[in-house]
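Participant: Structure: query.cif, mmCIF, C-alpha atoms.
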data_protein
loop_
_atom_site.group_PDB
_atom_site.id
_atom_site.type_symbol
_atom_site.label_atom_id
_atom_site.label_comp_id
_atom_site.auth_asym_id
_atom_site.auth_seq_id
_atom_site.Cartn_x
_atom_site.Cartn_y
_atom_site.Cartn_z
ATOM 1 C CA MET D 384 12.496 59.114 -1.679
ATOM 2 C CA LYS D 385 13.037 56.343 0.867
ATOM 3 C CA ARG D 386 9.318 56.400 1.705
ATOM 4 C CA VAL D 387 8.344 56.001 -1.920
ATOM 5 C CA LEU D 388 10.788 53.128 -2.333
ATOM 6 C CA VAL D 389 9.460 51.420 0.809
ATOM 7 C CA LEU D 390 5.841 51.890 -0.344
ATOM 8 C CA LEU D 391 6.623 50.444 -3.748
ATOM 9 C CA CYS D 392 8.647 47.474 -2.436
ATOM 10 C CA THR D 393 6.396 46.477 0.479
ATOM 11 C CA PRO D 394 3.684 44.765 -1.645
ATOM 12 C CA LEU D 395 6.335 42.853 -3.553
ATOM 13 C CA LEU D 396 8.025 41.722 -0.337
ATOM 14 C CA LEU D 397 4.675 40.628 1.132
ATOM 15 C CA LEU D 398 3.892 38.651 -2.011
ATOM 16 C CA VAL D 399 7.226 36.832 -1.815
ATOM 17 C CA ALA D 400 6.911 36.216 1.932
ATOM 18 C CA PHE D 401 3.433 34.700 1.697
ATOM 19 C CA ALA D 402 3.750 32.878 -1.605
ATOM 20 C CA LEU D 403 2.461 29.308 -1.551
ATOM 21 C CA PRO D 404 5.071 26.602 -1.935
ATOM 22 C CA ALA D 405 5.353 25.249 -5.451
ATOM 23 C CA SER D 406 3.523 21.993 -6.051
ATOM 24 C CA ALA D 407 5.495 18.847 -6.748
ATOM 25 C CA ASP D 408 6.227 18.192 -10.364
ATOM 26 C CA SER D 409 8.275 15.050 -10.105
ATOM 27 C CA PRO D 410 6.554 12.139 -8.326
ATOM 28 C CA HIS D 411 8.822 9.085 -8.382
ATOM 29 C CA PHE D 412 9.342 5.867 -6.454
ATOM 30 C CA LEU D 413 12.513 5.734 -4.389
ATOM 31 C CA ARG D 414 12.048 2.050 -3.618
ATOM 32 C CA ALA D 415 9.522 -0.736 -4.029
ATOM 33 C CA SER D 416 9.678 -4.350 -2.856
ATOM 34 C CA ALA D 417 7.450 -7.329 -2.195
ATOM 35 C CA SER D 418 7.519 -10.174 0.308
ATOM 36 C CA LEU D 419 5.303 -13.086 1.239
ATOM 37 C CA SER D 420 3.544 -13.228 4.579
ATOM 38 C CA GLY D 421 1.839 -16.602 4.644
ATOM 39 C CA THR D 422 -0.238 -16.703 1.459
ATOM 40 C CA GLU D 423 -0.458 -12.925 1.061
ATOM 41 C CA LEU D 424 1.950 -10.642 -0.793
ATOM 42 C CA THR D 425 2.924 -7.397 0.927
ATOM 43 C CA VAL D 426 4.057 -4.631 -1.418
ATOM 44 C CA SER D 427 6.102 -1.943 0.356
ATOM 45 C CA PHE D 428 7.172 1.332 -1.227
ATOM 46 C CA LYS D 429 8.427 4.872 -0.781
ATOM 47 C CA GLU D 430 7.472 7.618 -3.211
ATOM 48 C CA ALA D 431 8.785 11.187 -3.168
ATOM 49 C CA GLY D 432 8.191 14.425 -5.064
ATOM 50 C CA LEU D 433 4.513 14.513 -4.111
ATOM 51 C CA GLY D 434 4.149 17.898 -2.458
ATOM 52 C CA ASN D 435 3.171 18.518 1.147
ATOM 53 C CA ASN D 436 0.017 16.940 2.594
ATOM 54 C CA ALA D 437 -1.177 15.494 -0.717
ATOM 55 C CA GLN D 438 -3.597 12.550 -0.811
ATOM 56 C CA ILE D 439 -2.330 9.932 -3.244
ATOM 57 C CA ASP D 440 -4.190 6.826 -4.464
ATOM 58 C CA TYR D 441 -2.244 3.587 -5.017
ATOM 59 C CA VAL D 442 -2.856 0.160 -6.530
ATOM 60 C CA ALA D 443 -0.619 -2.812 -5.778
ATOM 61 C CA SER D 444 -1.179 -5.427 -8.474
ATOM 62 C CA ALA D 445 0.036 -8.866 -9.550
ATOM 63 C CA ASP D 446 -0.843 -11.922 -11.574
ATOM 64 C CA ALA D 447 -1.531 -14.715 -9.092
ATOM 65 C CA THR D 448 -1.970 -18.459 -9.208
ATOM 66 C CA ALA D 449 -3.553 -20.432 -6.378
ATOM 67 C CA THR D 450 -4.066 -24.188 -6.115
ATOM 68 C CA TYR D 451 -6.920 -25.448 -3.955
ATOM 69 C CA VAL D 452 -7.380 -29.089 -2.931
ATOM 70 C CA CYS D 453 -9.894 -31.199 -1.081
ATOM 71 C CA VAL D 454 -8.572 -32.903 2.048
ATOM 72 C CA ASN D 455 -10.378 -35.869 3.580
ATOM 73 C CA ARG D 456 -10.537 -36.769 7.272
ATOM 74 C CA GLY D 457 -7.529 -39.035 6.807
ATOM 75 C CA GLY D 458 -5.415 -36.036 5.806
ATOM 76 C CA SER D 459 -5.110 -36.903 2.121
ATOM 77 C CA ASN D 460 -6.120 -35.390 -1.183
ATOM 78 C CA PRO D 461 -8.033 -38.472 -2.334
ATOM 79 C CA SER D 462 -7.988 -37.900 -6.112
ATOM 80 C CA ALA D 463 -6.469 -35.725 -8.784
ATOM 81 C CA ALA D 464 -9.936 -34.428 -9.648
ATOM 82 C CA ASN D 465 -10.205 -32.914 -6.172
ATOM 83 C CA LYS D 466 -7.991 -29.931 -6.932
ATOM 84 C CA THR D 467 -8.156 -26.794 -9.003
ATOM 85 C CA THR D 468 -5.715 -24.114 -10.032
ATOM 86 C CA VAL D 469 -6.980 -20.559 -10.382
ATOM 87 C CA THR D 470 -4.996 -17.865 -12.206
ATOM 88 C CA ALA D 471 -6.203 -14.280 -12.019
ATOM 89 C CA PRO D 472 -5.042 -10.692 -11.684
ATOM 90 C CA VAL D 473 -5.230 -9.531 -8.059
ATOM 91 C CA SER D 474 -4.845 -6.081 -6.520
ATOM 92 C CA GLU D 475 -5.289 -3.949 -3.431
ATOM 93 C CA THR D 476 -5.898 -0.203 -3.275
ATOM 94 C CA GLY D 477 -5.104 2.411 -0.679
ATOM 95 C CA THR D 478 -4.993 6.161 -0.177
ATOM 96 C CA PHE D 479 -2.166 7.750 1.801
ATOM 97 C CA THR D 480 -1.267 11.342 2.668
ATOM 98 C CA SER D 481 2.219 12.743 2.193
ATOM 99 C CA GLY D 482 3.813 14.565 5.090
ATOM 100 C CA LYS D 483 5.654 17.845 5.190
ATOM 101 C CA ASN D 484 8.512 16.307 3.244
ATOM 102 C CA GLY D 485 6.334 15.376 0.260
ATOM 103 C CA SER D 486 6.874 11.619 0.472
ATOM 104 C CA ILE D 487 4.881 8.528 1.384
ATOM 105 C CA THR D 488 6.196 5.270 2.840
ATOM 106 C CA ALA D 489 3.510 2.578 2.991
ATOM 107 C CA SER D 490 2.509 -1.029 2.266
ATOM 108 C CA LEU D 491 -0.446 -2.763 0.642
ATOM 109 C CA THR D 492 -1.261 -6.469 1.032
ATOM 110 C CA ILE D 493 -2.624 -8.602 -1.806
ATOM 111 C CA SER D 494 -4.478 -11.877 -1.232
ATOM 112 C CA PRO D 495 -4.437 -14.862 -3.619
ATOM 113 C CA PRO D 496 -7.431 -15.430 -5.882
ATOM 114 C CA GLY D 497 -10.324 -17.366 -4.396
ATOM 115 C CA PRO D 498 -11.356 -20.876 -5.440
ATOM 116 C CA GLY D 499 -14.229 -19.709 -7.607
ATOM 117 C CA SER D 500 -16.949 -22.353 -7.763
ATOM 118 C CA PHE D 501 -14.622 -25.202 -6.742
ATOM 119 C CA THR D 502 -16.216 -27.222 -3.916
ATOM 120 C CA CYS D 503 -15.373 -30.401 -2.088
ATOM 121 C CA PRO D 504 -17.539 -33.456 -1.465
ATOM 122 C CA SER D 505 -19.148 -33.938 1.913
ATOM 123 C CA GLY D 506 -16.629 -34.936 4.549
ATOM 124 C CA GLN D 507 -13.735 -33.110 2.838
ATOM 125 C CA SER D 508 -12.448 -29.594 3.417
ATOM 126 C CA ARG D 509 -11.218 -27.164 0.777
ATOM 127 C CA GLN D 510 -7.700 -25.882 1.501
ATOM 128 C CA LEU D 511 -5.167 -23.664 -0.241
ATOM 129 C CA ALA D 512 -2.167 -25.799 -1.253
ATOM 130 C CA SER D 513 0.049 -23.153 -2.875
ATOM 131 C CA ALA D 514 0.102 -19.580 -4.176
ATOM 132 C CA SER D 515 2.437 -17.592 -6.389
ATOM 133 C CA TYR D 516 2.620 -14.026 -7.676
ATOM 134 C CA THR D 517 4.309 -12.570 -10.772
ATOM 135 C CA ASN D 518 4.249 -9.244 -12.644
ATOM 136 C CA VAL D 519 4.054 -7.358 -9.351
ATOM 137 C CA ALA D 520 3.807 -3.558 -9.500
ATOM 138 C CA ILE D 521 2.866 -0.536 -7.429
ATOM 139 C CA THR D 522 1.059 2.314 -9.195
ATOM 140 C CA ASP D 523 0.434 5.864 -8.021
ATOM 141 C CA THR D 524 -2.873 6.354 -9.854
ATOM 142 C CA THR D 525 -3.091 10.012 -8.854
ATOM 143 C CA ASN D 526 0.080 10.884 -10.801
ATOM 144 C CA ASN D 527 0.127 7.901 -13.198
ATOM 145 C CA VAL D 528 3.502 6.557 -12.014
ATOM 146 C CA THR D 529 4.189 2.788 -11.930
ATOM 147 C CA GLU D 530 7.115 0.885 -10.453
ATOM 148 C CA PRO D 531 7.449 -2.803 -11.437
ATOM 149 C CA ILE D 532 8.833 -5.249 -8.865
ATOM 150 C CA ALA D 533 10.899 -8.037 -10.387
ATOM 151 C CA GLY D 534 10.622 -11.658 -9.352
ATOM 152 C CA THR D 535 8.264 -14.514 -8.707
ATOM 153 C CA PHE D 536 6.979 -14.863 -5.157
ATOM 154 C CA THR D 537 5.802 -18.364 -4.285
ATOM 155 C CA THR D 538 4.681 -20.064 -1.094
ATOM 156 C CA GLY D 539 5.759 -23.512 -2.158
ATOM 157 C CA CYS D 540 3.644 -26.361 -0.808
ATOM 158 C CA LEU D 541 1.483 -25.188 2.102
ATOM 159 C CA LEU D 542 0.250 -28.721 2.856
ATOM 160 C CA PRO D 543 3.411 -30.870 2.967
ATOM 161 C CA ASN D 544 1.730 -33.474 5.212
ATOM 162 C CA VAL D 545 -1.270 -33.929 2.914
ATOM 163 C CA ARG D 546 -0.570 -36.777 0.503
ATOM 164 C CA GLY D 547 -1.331 -35.742 -3.081
ATOM 165 C CA ALA D 548 -1.866 -32.053 -2.327
ATOM 166 C CA CYS D 549 1.259 -30.703 -4.031
#
Can the structure in the file be given as structure tokens, please?
Facilitator:
Amino acid sequence: MKRVLVLLCTPLLLLVAFALPASADSPHFLRASASLSGTELTVSFKEAGLGNNAQIDYVASADATATYVCVNRGGSNPSAANKTTVTAPVSETGTFTSGKNGSITASLTISPPGPGSFTCPSGQSRQLASASYTNVAITDTTNNVTEPIAGTFTTGCLLPNVRGAC
């Protein structure tokens, strides 16, 4: 009788012993923040509930405003017409792999929008005078989870010694 019981229970025990771990069913952000590094915005985050060794795609996004000016050799912005403000959505993507604990801690860096077709006359250089970011968010596009990051992140005047730049 013991042999029959052992023969009947062995396959069940093997199935339990070698069962694959359950996949994550609750991806969620534990924290998300943003900070300026020069003119770029670094979005840092930690997400858990991802399952072990899972590749997850992310998008850090924001609405950004950048002001570009022309600076002459004398160190001035010679006229009000020699500046432009560009407002555009900006983003950065990345793919990260969760570890054995089913979480990812990472950062993505967003750059301000470019000047578009704005150019400066001969003898003047185009320079970024200020940048700001609003509506910042980090999105796990693999699991469709988004975490907004409150606040406005602004550089202030980057050219304080350039008359007329800011």
Participant: Applied to the shown file, which residues does the PyMOL selection byres ((chain D and resi 411) around 8) return, written as a PDB file with C-alpha atoms, in the coordinates of the input?
Facilitator:
ATOM      1  CA  SER D 409       8.275  15.050 -10.105  1.00  0.00           C
ATOM      2  CA  PRO D 410       6.554  12.139  -8.326  1.00  0.00           C
ATOM      3  CA  PHE D 412       9.342   5.867  -6.454  1.00  0.00           C
ATOM      4  CA  LEU D 413      12.513   5.734  -4.389  1.00  0.00           C
ATOM      5  CA  GLU D 430       7.472   7.618  -3.211  1.00  0.00           C
ATOM      6  CA  ALA D 431       8.785  11.187  -3.168  1.00  0.00           C
ATOM      7  CA  GLY D 432       8.191  14.425  -5.064  1.00  0.00           C
ATOM      8  CA  VAL D 528       3.502   6.557 -12.014  1.00  0.00           C
TER       9      VAL D 528
END
Participant: I need the residue set behind the PyMOL selection byres ((chain D and resi 540-542) around 12) for this file; please write it as a ChimeraX atom specification.
Facilitator: /D:421-422,449-454,458-460,509-515,537-539,543-549
Participant: For this file, the PyMOL selection byres ((chain D and resi 481) around 12) selects which residues, as a PyMOL selection string?
Facilitator: chain D and resi 407+410+429-440+478-480+482-489
Participant: Check the smallest atom-to-atom distance from each of D:Phe536, D:Tyr516, D:Phe428, D:Phe501 to Ser474 (chain D) using only C-alpha atoms, then report the winner.
Facilitator: D:Tyr516
Participant: Rounded to one decimal in Å, what is the spacing between CA of Cys503 (chain D) and CA of Asn455 (chain D)?
Facilitator: 9.3 Å
